[in-house]
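Coordinates from start.cif are shown below (mmCIF, C-alpha atoms).
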```
data_query
#
loop_
_atom_site.label_atom_id
_atom_site.label_comp_id
_atom_site.auth_asym_id
_atom_site.auth_seq_id
_atom_site.Cartn_x
_atom_site.Cartn_y
_atom_site.Cartn_z
CA MET X 252 -27.54 26.19 -1.93
CA THR X 253 -31.32 26.46 -1.96
CA ASN X 254 -33.12 23.16 -1.51
CA VAL X 255 -29.77 21.43 -0.89
CA ASP X 256 -31.50 18.95 1.42
CA LYS X 257 -33.18 17.23 -1.49
CA HIS X 258 -29.75 16.09 -2.74
CA TYR X 259 -29.08 14.17 0.46
CA PRO X 260 -30.86 10.96 1.52
CA ALA X 261 -33.30 11.05 4.42
CA LYS X 262 -31.63 7.85 5.58
CA GLY X 263 -28.26 6.50 4.55
CA ARG X 264 -24.94 8.15 3.74
CA VAL X 265 -23.10 10.00 0.99
CA ILE X 266 -19.55 8.73 0.46
CA ILE X 267 -16.72 10.04 -1.70
CA HIS X 268 -13.71 8.00 -2.75
CA LEU X 269 -10.89 10.35 -3.69
CA ASP X 270 -8.16 8.74 -5.79
CA MET X 271 -5.13 10.61 -7.09
CA ASN X 272 -4.13 9.82 -10.68
CA ALA X 273 -0.61 8.44 -11.33
CA PHE X 274 0.25 10.08 -8.02
CA TYR X 275 4.06 9.82 -7.93
CA CYS X 276 4.48 11.00 -11.52
CA SER X 277 1.87 13.73 -11.00
CA VAL X 278 3.77 15.01 -7.94
CA HIS X 279 7.00 15.32 -9.93
CA GLU X 280 5.10 17.08 -12.73
CA ALA X 281 3.58 19.49 -10.21
CA GLU X 282 7.06 20.25 -8.81
CA GLU X 283 8.82 20.61 -12.18
CA PRO X 284 6.23 21.09 -14.93
CA GLU X 285 8.85 22.42 -17.34
CA LYS X 286 10.62 19.02 -17.21
CA TYR X 287 7.73 16.56 -17.03
CA LYS X 288 4.39 18.08 -18.09
CA GLY X 289 2.77 16.09 -20.90
CA ARG X 290 5.78 13.78 -21.26
CA PRO X 291 6.05 10.00 -20.74
CA THR X 292 7.51 9.53 -17.26
CA ALA X 293 7.84 6.68 -14.78
CA VAL X 294 9.05 6.34 -11.20
CA SER X 295 11.45 3.45 -10.70
CA GLY X 296 13.17 2.28 -7.56
CA SER X 297 16.37 1.41 -9.42
CA VAL X 298 16.65 3.94 -12.20
CA GLU X 299 20.24 2.97 -12.98
CA GLN X 300 19.49 -0.75 -12.98
CA ARG X 301 17.90 -2.20 -16.08
CA LYS X 302 16.17 -4.77 -13.86
CA GLY X 303 14.43 -2.09 -11.79
CA ILE X 304 10.62 -2.17 -11.63
CA LEU X 305 8.33 0.72 -12.56
CA VAL X 306 6.30 1.81 -9.54
CA THR X 307 3.96 3.98 -11.60
CA CYS X 308 3.91 5.78 -14.92
CA SER X 309 2.24 8.88 -16.33
CA TYR X 310 -0.74 8.77 -18.64
CA PRO X 311 1.34 9.82 -21.70
CA ALA X 312 3.57 6.81 -20.91
CA ARG X 313 0.54 4.52 -20.58
CA ARG X 314 -0.66 5.59 -24.01
CA LYS X 315 2.62 4.21 -25.35
CA GLY X 316 2.02 0.81 -23.76
CA ILE X 317 3.99 1.35 -20.55
CA LYS X 318 2.51 -0.35 -17.47
CA THR X 319 3.22 -0.35 -13.74
CA GLY X 320 5.27 -3.41 -12.80
CA MET X 321 7.28 -3.52 -16.02
CA THR X 322 11.04 -3.70 -15.76
CA VAL X 323 13.01 -0.63 -16.80
CA ARG X 324 14.46 -2.67 -19.66
CA GLN X 325 11.02 -3.59 -21.03
CA ALA X 326 9.73 -0.03 -20.68
CA LEU X 327 12.68 1.60 -22.46
CA LYS X 328 12.38 -0.89 -25.29
CA LEU X 329 8.74 0.15 -25.78
CA CYS X 330 9.37 3.85 -25.25
CA PRO X 331 13.02 4.95 -25.58
CA GLU X 332 12.07 8.55 -24.69
CA LEU X 333 10.62 7.47 -21.32
CA ILE X 334 11.91 9.70 -18.51
CA LEU X 335 12.84 7.69 -15.41
CA ILE X 336 12.57 9.41 -12.03
CA LYS X 337 13.94 8.33 -8.65
CA PRO X 338 11.32 8.16 -5.89
CA ASP X 339 11.21 10.98 -3.35
CA PHE X 340 9.00 9.94 -0.43
CA ASN X 341 9.42 13.21 1.47
CA LEU X 342 7.88 14.94 -1.53
CA TYR X 343 5.06 12.39 -1.81
CA ARG X 344 4.24 12.77 1.87
CA LYS X 345 4.10 16.56 1.49
CA TYR X 346 1.61 16.35 -1.38
CA SER X 347 -0.37 13.60 0.33
CA HIS X 348 -0.80 15.69 3.47
CA GLY X 349 -1.70 18.58 1.18
CA PHE X 350 -4.63 17.01 -0.64
CA MET X 351 -5.81 15.26 2.54
CA SER X 352 -5.94 18.64 4.30
CA VAL X 353 -8.20 19.94 1.52
CA ALA X 354 -10.47 16.92 1.98
CA ARG X 355 -10.70 17.53 5.75
CA GLN X 356 -11.97 21.07 5.14
CA TYR X 357 -15.22 19.52 3.92
CA THR X 358 -15.63 16.87 6.63
CA PRO X 359 -13.72 15.46 9.61
CA MET X 360 -14.81 12.00 8.45
CA VAL X 361 -11.79 11.29 6.24
CA GLU X 362 -10.23 7.82 6.16
CA ALA X 363 -6.80 7.66 4.52
CA VAL X 364 -6.33 4.20 3.03
CA SER X 365 -3.02 4.86 1.27
CA ILE X 366 -0.71 7.71 0.38
CA ASP X 367 -2.85 8.62 -2.65
CA GLU X 368 -6.46 7.82 -1.75
CA CYS X 369 -9.06 8.36 0.94
CA TYR X 370 -12.74 7.93 1.74
CA MET X 371 -14.88 10.88 2.85
CA ASP X 372 -18.28 10.70 4.52
CA ILE X 373 -19.97 13.97 3.49
CA THR X 374 -23.44 13.11 4.82
CA GLY X 375 -23.17 15.99 7.30
CA SER X 376 -21.55 18.48 4.90
CA LYS X 377 -24.67 20.17 3.50
CA MET X 378 -23.32 23.63 4.30
CA PHE X 379 -20.84 23.18 1.42
CA GLY X 380 -23.54 22.40 -1.14
CA SER X 381 -24.87 19.32 -2.87
CA PRO X 382 -22.72 16.18 -3.10
CA LEU X 383 -21.92 16.93 -6.74
CA GLU X 384 -20.97 20.51 -5.87
CA ILE X 385 -18.68 19.28 -3.08
CA ALA X 386 -17.05 16.70 -5.38
CA ALA X 387 -16.47 19.26 -8.14
CA SER X 388 -15.12 21.83 -5.66
CA LEU X 389 -12.79 19.23 -4.13
CA GLN X 390 -11.45 18.22 -7.54
CA ASN X 391 -10.96 21.83 -8.66
CA ARG X 392 -9.22 22.89 -5.44
CA ILE X 393 -6.77 19.99 -5.45
CA GLN X 394 -5.90 20.85 -9.06
CA LYS X 395 -5.56 24.56 -8.33
CA GLU X 396 -3.77 24.36 -4.97
CA TRP X 397 -1.62 21.27 -5.55
CA SER X 398 -1.59 20.86 -9.37
CA LEU X 399 -2.71 17.25 -8.97
CA PRO X 400 -5.33 15.40 -11.04
CA CYS X 401 -7.73 13.14 -9.21
CA SER X 402 -10.73 10.92 -9.83
CA ILE X 403 -13.76 10.98 -7.56
CA GLY X 404 -16.42 8.35 -6.95
CA LEU X 405 -19.68 9.47 -5.34
CA ALA X 406 -21.95 6.77 -3.90
CA PRO X 407 -24.07 5.68 -0.91
CA ASN X 408 -21.28 3.42 0.42
CA LYS X 409 -17.55 2.82 0.32
CA LEU X 410 -17.71 -0.17 -2.06
CA LEU X 411 -19.57 1.69 -4.80
CA ALA X 412 -17.58 4.91 -4.23
CA LYS X 413 -14.34 2.99 -4.79
CA MET X 414 -15.65 1.32 -7.93
CA ALA X 415 -17.01 4.63 -9.25
CA SER X 416 -13.66 6.40 -8.87
CA ASP X 417 -12.03 3.69 -11.01
CA MET X 418 -14.48 4.18 -13.89
CA LYS X 419 -13.10 7.45 -15.28
CA LYS X 420 -9.41 8.28 -15.16
CA PRO X 421 -7.83 10.76 -15.15
CA ASN X 422 -9.92 13.60 -13.73
CA GLY X 423 -13.17 11.61 -13.59
CA LEU X 424 -16.21 12.31 -11.45
CA THR X 425 -18.63 9.38 -11.39
CA VAL X 426 -21.87 8.85 -9.47
CA LEU X 427 -22.87 5.25 -8.77
CA ARG X 428 -26.16 4.51 -7.00
CA ILE X 429 -27.61 1.20 -5.81
CA ARG X 430 -30.17 1.38 -8.61
CA ASP X 431 -27.33 1.70 -11.15
CA VAL X 432 -25.61 -1.55 -10.13
CA LYS X 433 -27.72 -3.88 -12.27
CA HIS X 434 -27.15 -2.13 -15.61
CA VAL X 435 -23.65 -0.77 -14.90
CA LEU X 436 -21.94 -3.69 -13.14
CA TRP X 437 -23.79 -6.94 -13.66
CA ASP X 438 -22.32 -7.66 -17.09
CA LYS X 439 -18.75 -7.12 -15.79
CA PRO X 440 -16.37 -10.00 -14.79
CA CYS X 441 -16.42 -10.95 -11.11
CA ASP X 442 -12.90 -9.64 -10.46
CA THR X 443 -14.16 -6.17 -11.42
CA LEU X 444 -15.93 -6.14 -8.07
CA PHE X 445 -13.63 -4.49 -5.54
CA GLY X 446 -12.56 -7.10 -3.00
CA ILE X 447 -12.60 -10.06 -5.38
CA GLY X 448 -9.12 -11.01 -6.58
CA ARG X 449 -7.93 -13.16 -9.43
CA LYS X 450 -7.80 -16.41 -7.46
CA THR X 451 -11.32 -15.97 -6.09
CA ALA X 452 -12.55 -15.13 -9.59
CA GLU X 453 -10.95 -18.35 -10.89
CA LYS X 454 -12.76 -20.38 -8.22
CA LEU X 455 -16.04 -18.67 -9.14
CA GLU X 456 -15.45 -19.46 -12.80
CA LYS X 457 -15.14 -23.15 -11.96
CA LEU X 458 -18.66 -22.84 -10.54
CA ASN X 459 -19.75 -21.23 -13.86
CA ILE X 460 -20.05 -17.83 -12.16
CA ARG X 461 -18.35 -15.42 -14.53
CA THR X 462 -20.13 -12.08 -14.13
CA ILE X 463 -21.25 -9.96 -11.21
CA GLY X 464 -24.85 -10.53 -12.31
CA GLN X 465 -24.38 -14.30 -12.17
CA LEU X 466 -22.84 -13.86 -8.73
CA ALA X 467 -25.91 -11.91 -7.61
CA ASP X 468 -28.16 -14.74 -8.87
CA THR X 469 -26.22 -17.48 -7.07
CA ASP X 470 -27.73 -19.00 -3.95
CA GLU X 471 -25.99 -17.66 -0.84
CA MET X 472 -25.71 -21.14 0.68
CA VAL X 473 -23.78 -22.33 -2.39
CA LEU X 474 -21.35 -19.41 -2.03
CA ASN X 475 -20.92 -20.01 1.71
CA LYS X 476 -20.22 -23.69 1.05
CA HIS X 477 -17.26 -22.83 -1.20
CA PHE X 478 -16.06 -19.52 0.30
CA GLY X 479 -17.20 -19.51 3.93
CA VAL X 480 -18.40 -16.17 5.32
CA MET X 481 -16.91 -14.39 2.31
CA GLY X 482 -19.71 -15.96 0.26
CA SER X 483 -22.32 -13.85 2.05
CA TRP X 484 -20.21 -10.74 1.55
CA MET X 485 -19.84 -11.43 -2.19
CA LYS X 486 -23.59 -11.93 -2.57
CA SER X 487 -24.31 -8.57 -0.89
CA ALA X 488 -21.51 -6.80 -2.77
CA ALA X 489 -22.91 -8.01 -6.11
CA PHE X 490 -26.05 -6.01 -5.27
CA GLY X 491 -23.91 -2.99 -4.31
CA ILE X 492 -24.56 -3.38 -0.59
CA ASP X 493 -21.80 -2.40 1.86
CA HIS X 494 -22.24 -1.40 5.50
CA SER X 495 -18.61 -0.55 6.38
CA GLU X 496 -18.17 2.92 7.82
CA VAL X 497 -15.67 5.64 7.03
CA ASN X 498 -13.25 5.49 9.94
CA PRO X 499 -11.05 8.58 10.46
CA ASN X 500 -9.18 6.68 13.19
CA ARG X 501 -7.99 3.61 11.36
CA GLU X 502 -6.80 0.66 13.39
CA ARG X 503 -3.09 0.27 13.83
CA ASN X 504 -1.13 -1.67 11.25
CA LYS X 505 -1.72 -5.41 11.16
CA SER X 506 1.82 -5.86 9.86
CA ILE X 507 5.02 -3.92 9.32
CA GLY X 508 7.50 -4.92 6.67
CA HIS X 509 10.04 -4.08 4.02
CA THR X 510 10.84 -5.82 0.75
CA THR X 511 13.71 -5.03 -1.60
CA THR X 512 14.21 -5.96 -5.24
CA LEU X 513 17.88 -6.68 -5.92
CA PRO X 514 19.70 -5.27 -8.98
CA ASN X 515 21.35 -8.64 -9.52
CA ASP X 516 20.25 -12.10 -8.43
CA ILE X 517 22.16 -13.25 -5.34
CA THR X 518 23.01 -16.76 -4.23
CA ALA X 519 25.66 -16.45 -1.51
CA ARG X 520 24.36 -16.99 2.02
CA GLU X 521 26.39 -14.07 3.40
CA ASP X 522 24.85 -11.72 0.82
CA VAL X 523 21.37 -12.89 1.74
CA PHE X 524 22.07 -12.40 5.43
CA ARG X 525 23.36 -8.85 4.86
CA VAL X 526 20.12 -7.94 3.08
CA LEU X 527 18.04 -9.59 5.81
CA LEU X 528 19.99 -7.62 8.44
CA ASN X 529 19.19 -4.28 6.78
CA LEU X 530 15.54 -5.24 6.36
CA SER X 531 15.32 -6.44 9.97
CA ASP X 532 17.01 -3.29 11.20
CA GLN X 533 14.57 -0.88 9.58
CA THR X 534 11.54 -3.05 10.28
CA GLY X 535 12.51 -3.17 13.95
CA ARG X 536 13.04 0.59 13.98
CA ARG X 537 9.52 1.21 12.70
CA LEU X 538 8.09 -1.29 15.17
CA ARG X 539 9.70 0.50 18.11
CA ARG X 540 8.75 3.94 16.73
CA GLN X 541 5.09 2.91 16.82
CA LYS X 542 5.54 1.41 20.31
CA LEU X 543 4.52 -2.04 19.10
CA VAL X 544 5.81 -5.56 19.58
CA ALA X 545 5.53 -8.51 17.19
CA THR X 546 5.00 -12.20 17.73
CA THR X 547 5.44 -13.50 14.17
CA VAL X 548 8.36 -13.02 11.77
CA GLN X 549 7.82 -13.71 8.06
CA ILE X 550 10.30 -13.70 5.18
CA THR X 551 9.51 -13.36 1.48
CA ILE X 552 11.77 -14.79 -1.23
CA ARG X 553 11.20 -14.26 -4.95
CA LYS X 554 13.05 -16.25 -7.61
CA PRO X 555 14.21 -14.84 -10.97
CA ASP X 556 11.16 -16.50 -12.62
CA MET X 557 8.97 -14.38 -10.25
CA THR X 558 7.90 -17.41 -8.20
CA THR X 559 7.41 -16.14 -4.65
CA ILE X 560 7.44 -18.03 -1.36
CA THR X 561 6.64 -16.75 2.12
CA ARG X 562 7.49 -18.54 5.35
CA SER X 563 6.81 -17.45 8.92
CA HIS X 564 7.49 -18.47 12.50
CA THR X 565 5.63 -17.45 15.65
CA LEU X 566 7.82 -16.70 18.64
CA ASP X 567 7.26 -17.90 22.18
CA ALA X 568 7.02 -14.28 23.35
CA PRO X 569 6.53 -10.88 21.63
CA THR X 570 9.60 -8.86 20.72
CA GLN X 571 10.70 -5.54 19.28
CA SER X 572 14.37 -6.45 19.13
CA THR X 573 16.21 -6.21 15.82
CA ASP X 574 18.44 -9.08 16.96
CA ASP X 575 15.43 -11.35 17.47
CA ILE X 576 13.91 -10.37 14.12
CA TYR X 577 17.16 -10.91 12.26
CA ARG X 578 17.87 -14.25 13.95
CA GLU X 579 14.40 -15.57 13.07
CA ALA X 580 14.67 -14.32 9.49
CA CYS X 581 18.01 -16.11 9.01
CA GLN X 582 16.67 -19.33 10.57
CA LEU X 583 13.65 -19.24 8.27
CA TYR X 584 15.95 -18.79 5.28
CA ASP X 585 18.21 -21.69 6.28
CA LYS X 586 15.23 -23.94 6.95
CA HIS X 587 13.20 -23.25 3.82
CA TRP X 588 15.67 -22.25 1.11
CA LYS X 589 17.44 -25.43 0.10
CA SER X 590 17.70 -24.98 -3.66
CA GLY X 591 20.64 -22.60 -3.62
CA GLY X 592 19.29 -20.83 -6.72
CA GLY X 593 19.31 -17.13 -7.43
CA ILE X 594 17.15 -14.69 -5.45
CA ARG X 595 15.61 -11.59 -7.00
CA LEU X 596 13.70 -10.15 -4.00
CA LEU X 597 13.82 -10.46 -0.22
CA GLY X 598 11.43 -9.22 2.42
CA VAL X 599 10.96 -9.23 6.18
CA THR X 600 7.49 -8.69 7.67
CA LEU X 601 6.36 -8.58 11.30
CA GLN X 602 2.87 -9.80 12.13
CA ASN X 603 0.59 -10.34 15.15
CA LEU X 604 1.34 -6.87 16.44
CA SER X 605 0.28 -5.48 19.80
CA LEU X 606 0.98 -2.37 21.83
CA LEU X 607 4.15 -2.53 23.93
CA GLU X 608 2.29 -1.23 26.98
CA GLU X 609 -0.20 -4.11 26.69
CA SER X 610 2.47 -6.80 26.37
CA ALA X 611 4.79 -8.20 28.98
CA LEU X 612 8.12 -8.83 27.27
CA GLN X 613 9.39 -12.13 28.60
CA LEU X 614 12.91 -12.11 29.98
CA ASP X 615 15.09 -14.89 28.69
CA LEU X 616 15.95 -17.19 31.62
CA PHE X 617 19.65 -17.23 30.71
CA ASN X 618 20.00 -13.61 29.61
CA TYR X 619 17.87 -11.74 32.14
CA GLU X 620 20.88 -9.75 33.36
CA GLN X 621 21.99 -8.73 29.88
CA GLN X 622 18.55 -7.94 28.44
CA PRO X 623 17.98 -4.59 30.22
CA ARG X 624 21.45 -3.52 29.02
CA LYS X 625 20.55 -4.50 25.46
CA GLU X 626 17.30 -2.54 25.66
CA ALA X 627 19.13 0.51 27.01
CA LEU X 628 21.69 0.24 24.18
CA THR X 629 18.92 -0.07 21.59
CA LYS X 630 17.18 3.04 22.98
CA ALA X 631 20.42 4.97 22.85
CA MET X 632 21.08 3.91 19.25
CA ASP X 633 17.52 4.81 18.25
CA LYS X 634 17.92 8.27 19.78
CA LEU X 635 21.19 8.83 17.93
CA ARG X 636 19.62 7.81 14.63
CA ASP X 637 16.53 9.93 15.28
CA ARG X 638 18.76 12.94 15.78
CA PHE X 639 21.60 12.39 13.30
CA GLY X 640 20.08 10.11 10.65
CA GLU X 641 19.77 6.39 10.01
CA ASP X 642 23.42 6.01 9.03
CA ALA X 643 24.67 7.46 12.32
CA VAL X 644 25.04 4.01 13.91
CA LEU X 645 25.69 0.98 11.73
CA THR X 646 27.16 -2.46 12.16
CA ALA X 647 29.68 -3.82 9.70
CA GLY X 648 27.15 -6.38 8.51
CA MET X 649 24.86 -3.64 7.21
CA LEU X 650 27.36 -2.26 4.73
CA GLY X 651 27.03 -3.14 1.04
CA ASP X 652 25.99 -1.84 -2.36
CA ASP X 653 22.56 -3.46 -2.75
CA PRO X 654 19.28 -1.52 -2.37
CA SER X 655 18.71 -2.88 1.15
CA THR X 656 21.38 -0.44 2.36
CA LEU X 657 19.31 2.44 0.95
CA ILE X 658 16.11 1.85 2.92
CA ARG X 659 17.59 3.85 5.79
CA ASN X 660 17.39 6.90 3.49
CA LYS X 661 13.79 8.17 3.72
CA ARG X 662 14.28 10.26 0.61
CA ILE X 663 15.22 7.51 -1.83
CA ARG X 664 14.36 4.32 0.13
CA GLY X 665 15.81 1.95 -2.50
CA THR X 666 13.13 -0.50 -3.54
CA SER X 667 10.87 -1.17 -0.61
CA LEU X 668 7.28 -1.79 0.32
CA GLN X 669 6.31 -0.28 3.63
CA LYS X 670 3.23 0.82 5.47
CA ASP X 671 3.54 3.52 8.09
CA ASP X 672 1.49 6.46 9.45
CA SER X 673 -1.62 5.08 7.73
CA LEU X 674 -0.03 5.65 4.33
CA LEU X 675 1.22 3.05 1.91
CA TYR X 676 4.49 3.64 0.09
CA ILE X 677 5.24 1.36 -2.82
CA ASP X 678 8.57 1.47 -4.58
CA GLU X 679 9.36 -1.86 -6.12
#
```
Will you turn the file into C-alpha cells for me?
Amino acid sequence: MTNVDKHYPAKGRVIIHLDMNAFYCSVHEAEEPEKYKGRPTAVSGSVEQRKGILVTCSYPARRKGIKTGMTVRQALKLCPELILIKPDFNLYRKYSHGFMSVARQYTPMVEAVSIDECYMDITGSKMFGSPLEIAASLQNRIQKEWSLPCSIGLAPNKLLAKMASDMKKPNGLTVLRIRDVKHVLWDKPCDTLFGIGRKTAEKLEKLNIRTIGQLADTDEMVLNKHFGVMGSWMKSAAFGIDHSEVNPNRERNKSIGHTTTLPNDITAREDVFRVLLNLSDQTGRRLRRQKLVATTVQITIRKPDMTTITRSHTLDAPTQSTDDIYREACQLYDKHWKSGGGIRLLGVTLQNLSLLEESALQLDLFNYEQQPRKEALTKAMDKLRDRFGEDAVLTAGMLGDDPSTLIRNKRIRGTSLQKDDSLLYIDE
C-alpha cells in the first residue's frame, strides 16, 4: 500500500459499478452446484407453461443461442437440454444482501440500483489499497464467499463505470477513463451510450447522427432543439462527462406496480377483472407497507402480437385503498379496451407517490362515516396477512388459476415486475 495516493485523483472521484452476471441462474448454481454448474439453465416465471418468458439464462445457455425474453417454447426448441428453474425471490434477496454487505465493507457510499447491481464511491477508501486492488479484492471475495461471478467497471463517474462493467462479461474488470472515451466509445452506435434507448437512437439517426463520436461533434443547440434538455446531457455524455453522485440513500420509489404474463390469452371481462383485482390487491399492500399514497393509477395491456398499451387516470385525491385502485383499473379497462381481442399481459402501476404523513386523505362527502371503518378493516386485514401470510384473508374474486393469484407468494411470485426495498425483481 506504499504510494497508494498516486492511484487516486487529487480532484474528482473513483467509482465502481458492480454488476452480477446472470444473477438468478448464478444464485441457483451457487446453491446447488451439483445440479446446475456448467449447464445451460434459465429462470422462467411459468416453467410449466410453454408460453412462459425466460427472465435470465446462464452463460452456457447463451452460447447455445438462448436469450432473455424468449418464450420457453422457443428456448427448448433451440436447446432441448435447457434446465428450467422456478424463481425464488427469498433466495435472490439473501444473495443480494450478501454481496451488497461485502461492498459496504469497502465504503459506506454504496447505491443499490437493482437486486443485482450497485455503484460504489471508493474515493475515500485508500486504506484498502489502490482502486484496482479494491476491485480485484471485491470480485474475489464475492466469488469466494458467495460463489457468484460479477463484472466490475472502474471509472471517474457513474456513467463510465456502468459502461465499463458491460464491456467484459462474465468476470470482467474494466477501467474506463475520460481520456479513453474517444478511442474506445466514439466509433460505437449511439444506443451503446448508457441512457440512450432505441427510440432516441432512431431519432438521432434521422439527423445523420449514428455514432457516439458524431454525437460529440454535433452542435449542442441542434440537440436541444430536437431533444430539449436531454440534448445537453447527451452532448456531455458523449465526452464521458457525468456529474451524478453515488447516493446511498436513494429516493423513494417513483412508482409501484405489478405485471403478470398469462399462460393463456384471456378475453372474458370477468377474467380480466379477477387478474386486475389480484394486481390491485398486492400493489395496494406494498403501497401501504411503505406508508405511501398514490394519485395516479395506470394499467398496462399487452396483446398476443406483443403490442402494448398503457392508460392512466389521475384521481381527485391521493389514496392507498385497494378498492380505489381496483375500481380505477377496471374503469380504465372498460374505457380503453374496446376491441375484445385476446390479452397476454396485464399490469397495474401506481404513480405520483407521496408519503402518507404528508398527504391529507380526502374524506368522501357521502361516505365519511364509513371510511374510517374501511380503513380500520384494511389495517386489520393487513396485520393478519403480515402475521399469517398473504392467503390468510382473500375475497372470492381473487381466486383463480392464473399467475396473478401467485403474486401473493413471495417465494414464487408468478410472473411479475415489482420494485421494492430499492431492489428490482423481474420475473416475466
Exercise for review: Compile the contact shell of stretch 484-486 of chain X as a PyMOL selection string: residues with an atom at most 9 Å away, counting all atoms listed in the file, same-chain residues fewer than 3 positions apart removed.
Suggested key: chain X and resi 444+446-447+466-471+474+480-481+489-490+492-493
Check your understanding: For this file, the PyMOL selection byres ((chain X and resi 525-538) around 7) selects which residues, as a ChimeraX atom specification?
Key -> /X:507-509,521-524,539-544,571-573,576-577,580,598-599,648-649,655-656,659
Check your understanding: What is the distance, in Å and to one decimal place, between atom CA of X:Glu496 and atom CA of X:Thr358?
Key ->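 Spanning atom CA of X:Glu496 to atom CA of X:Thr358 is a straight-line distance of 14.2 Å.
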Exercise for review: Would you list the contacts of stretch 422-435 of chain X as a VMD selection string, taking every protein, DNA or RNA residue within 8 Å and counting all atoms listed in the file, but skipping same-chain residues closer than 6 positions in sequence?
Suggested key: chain X and resid 272 386 to 387 390 400 to 407 411 to 412 415 to 416 464 490 to 492
Point to revise | Between atom CA of X:Ser506 and atom CA of X:Ile560 - distance in Å to one decimal | key: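 Distance reported for this atom pair: 17.5 Å.
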Practice item. Extract, using only C-alpha atoms, all DNA, RNA and protein residues at most 9 Å from X:Phe445, discarding same-chain residues fewer than 4 positions from it, and format them as an MDAnalysis selection string. Key: chainID X and resid 410:411 413:414 441 488
Practice item. Might you pull out every residue within 7 Å of X:Thr561, with all atoms listed in the file counted and same-chain residues fewer than 5 positions away left off, and present them as a list of chain:residue names? Key: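 Contacts, with the query itself left out: X:Gln549, X:Ile550, X:Thr551, X:Ile552.
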Check your understanding: Can you tell me how far atom CA of X:Pro359 sits from atom CA of X:Asn498, in Å to one decimal?
Key ->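 A separation of 10.0 Å between them.
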**Study point:** Top pick for closest residue to X:Lys439, considering X:Met378, X:Arg461, X:Lys420, X:Val473 and counting only C-alpha atoms
**Key:**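 Smallest separation from X:Lys439 among the options: X:Arg461.
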Exercise for review: Run the PyMOL selection byres ((chain X and resi 304) around 6) against the file shown and list the residues it catches, as a PyMOL selection string.
Suggested key: chain X and resi 295+303+305+320-323+679
Check your understanding: Exactly which residues make up the result of the PyMOL selection byres ((chain X and resi 557) around 12) on this file, given as a list in words?
Key ->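 Selection result, ordered by chain and number: Gly320, Thr512, Asp516, Thr551, Ile552, Arg553, Lys554, Pro555, Asp556, Thr558, Thr559, Ile560, Gly593, Ile594, Arg595, Leu596 and Leu597 of chain X.
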Exercise for review: Excluding X:Tyr357 and residues on its chain fewer than 5 positions from it, collect all residues at most 8 Å away from it, counting only C-alpha atoms, and give them as a list in words.
Suggested key: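 Those residues are Ile373, Ser376, Phe379 and Ile385 of chain X.
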Practice item. Counting only C-alpha atoms, write as a PyMOL selection string all protein and nucleic acid residues lying at most 8 Å from (6.8, -12.2, 17.7) in the file's frame. Key: chain X and resi 544-548+565-571+601-604
Those selected residues, please, written with C-alpha atoms and delivered as a PDB file, in the coordinates of the input.
```
ATOM      1  CA  VAL X 544       5.810  -5.560  19.580  1.00  0.00           C
ATOM      2  CA  ALA X 545       5.530  -8.510  17.190  1.00  0.00           C
ATOM      3  CA  THR X 546       5.000 -12.200  17.730  1.00  0.00           C
ATOM      4  CA  THR X 547       5.440 -13.500  14.170  1.00  0.00           C
ATOM      5  CA  VAL X 548       8.360 -13.020  11.770  1.00  0.00           C
ATOM      6  CA  THR X 565       5.630 -17.450  15.650  1.00  0.00           C
ATOM      7  CA  LEU X 566       7.820 -16.700  18.640  1.00  0.00           C
ATOM      8  CA  ASP X 567       7.260 -17.900  22.180  1.00  0.00           C
ATOM      9  CA  ALA X 568       7.020 -14.280  23.350  1.00  0.00           C
ATOM     10  CA  PRO X 569       6.530 -10.880  21.630  1.00  0.00           C
ATOM     11  CA  THR X 570       9.600  -8.860  20.720  1.00  0.00           C
ATOM     12  CA  GLN X 571      10.700  -5.540  19.280  1.00  0.00           C
ATOM     13  CA  LEU X 601       6.360  -8.580  11.300  1.00  0.00           C
ATOM     14  CA  GLN X 602       2.870  -9.800  12.130  1.00  0.00           C
ATOM     15  CA  ASN X 603       0.590 -10.340  15.150  1.00  0.00           C
ATOM     16  CA  LEU X 604       1.340  -6.870  16.440  1.00  0.00           C
TER      17      LEU X 604
END
```
Check your understanding: X:Val255, X:Lys589, X:Thr462, X:Lys457: which is nearest X:Asp442, counting all atoms listed in the file?
Key ->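 Residue with the minimum atom-to-atom distance to X:Asp442: X:Thr462.
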Quick one: 8 Å padding each side, axis-aligned, all listed atoms of stretch 513-518 of chain X - centre and edge lengths in Å to one decimal, as lines of an AutoDock Vina configuration file?
```
center_x = 20.4
center_y = -11.0
center_z = -6.9
size_x = 21.1
size_y = 27.5
size_z = 21.3
```
Model the absent atoms of stretch 417-424 of chain X so that N, CA and C atoms are present, and write the result as a tab-separated table (two decimals), in the frame of the given file.
```
chain	number	residue	atom	x	y	z
X	417	ASP	N	-12.86	4.42	-10.04
X	417	ASP	CA	-12.03	3.69	-11.01
X	417	ASP	C	-12.60	3.76	-12.43
X	418	MET	N	-13.81	4.26	-12.59
X	418	MET	CA	-14.48	4.18	-13.89
X	418	MET	C	-14.00	5.24	-14.88
X	419	LYS	N	-13.57	6.38	-14.38
X	419	LYS	CA	-13.10	7.45	-15.28
X	419	LYS	C	-11.79	8.00	-14.77
X	420	LYS	N	-10.73	7.76	-15.52
X	420	LYS	CA	-9.41	8.28	-15.16
X	420	LYS	C	-8.72	8.79	-16.43
X	421	PRO	N	-7.99	9.88	-16.32
X	421	PRO	CA	-7.83	10.76	-15.15
X	421	PRO	C	-8.97	11.79	-15.06
X	422	ASN	N	-9.00	12.48	-13.96
X	422	ASN	CA	-9.92	13.60	-13.73
X	422	ASN	C	-11.39	13.23	-13.87
X	423	GLY	N	-11.78	12.01	-13.48
X	423	GLY	CA	-13.17	11.61	-13.59
X	423	GLY	C	-13.98	11.98	-12.36
X	424	LEU	N	-15.29	12.12	-12.56
X	424	LEU	CA	-16.21	12.31	-11.45
X	424	LEU	C	-17.44	11.46	-11.78
```
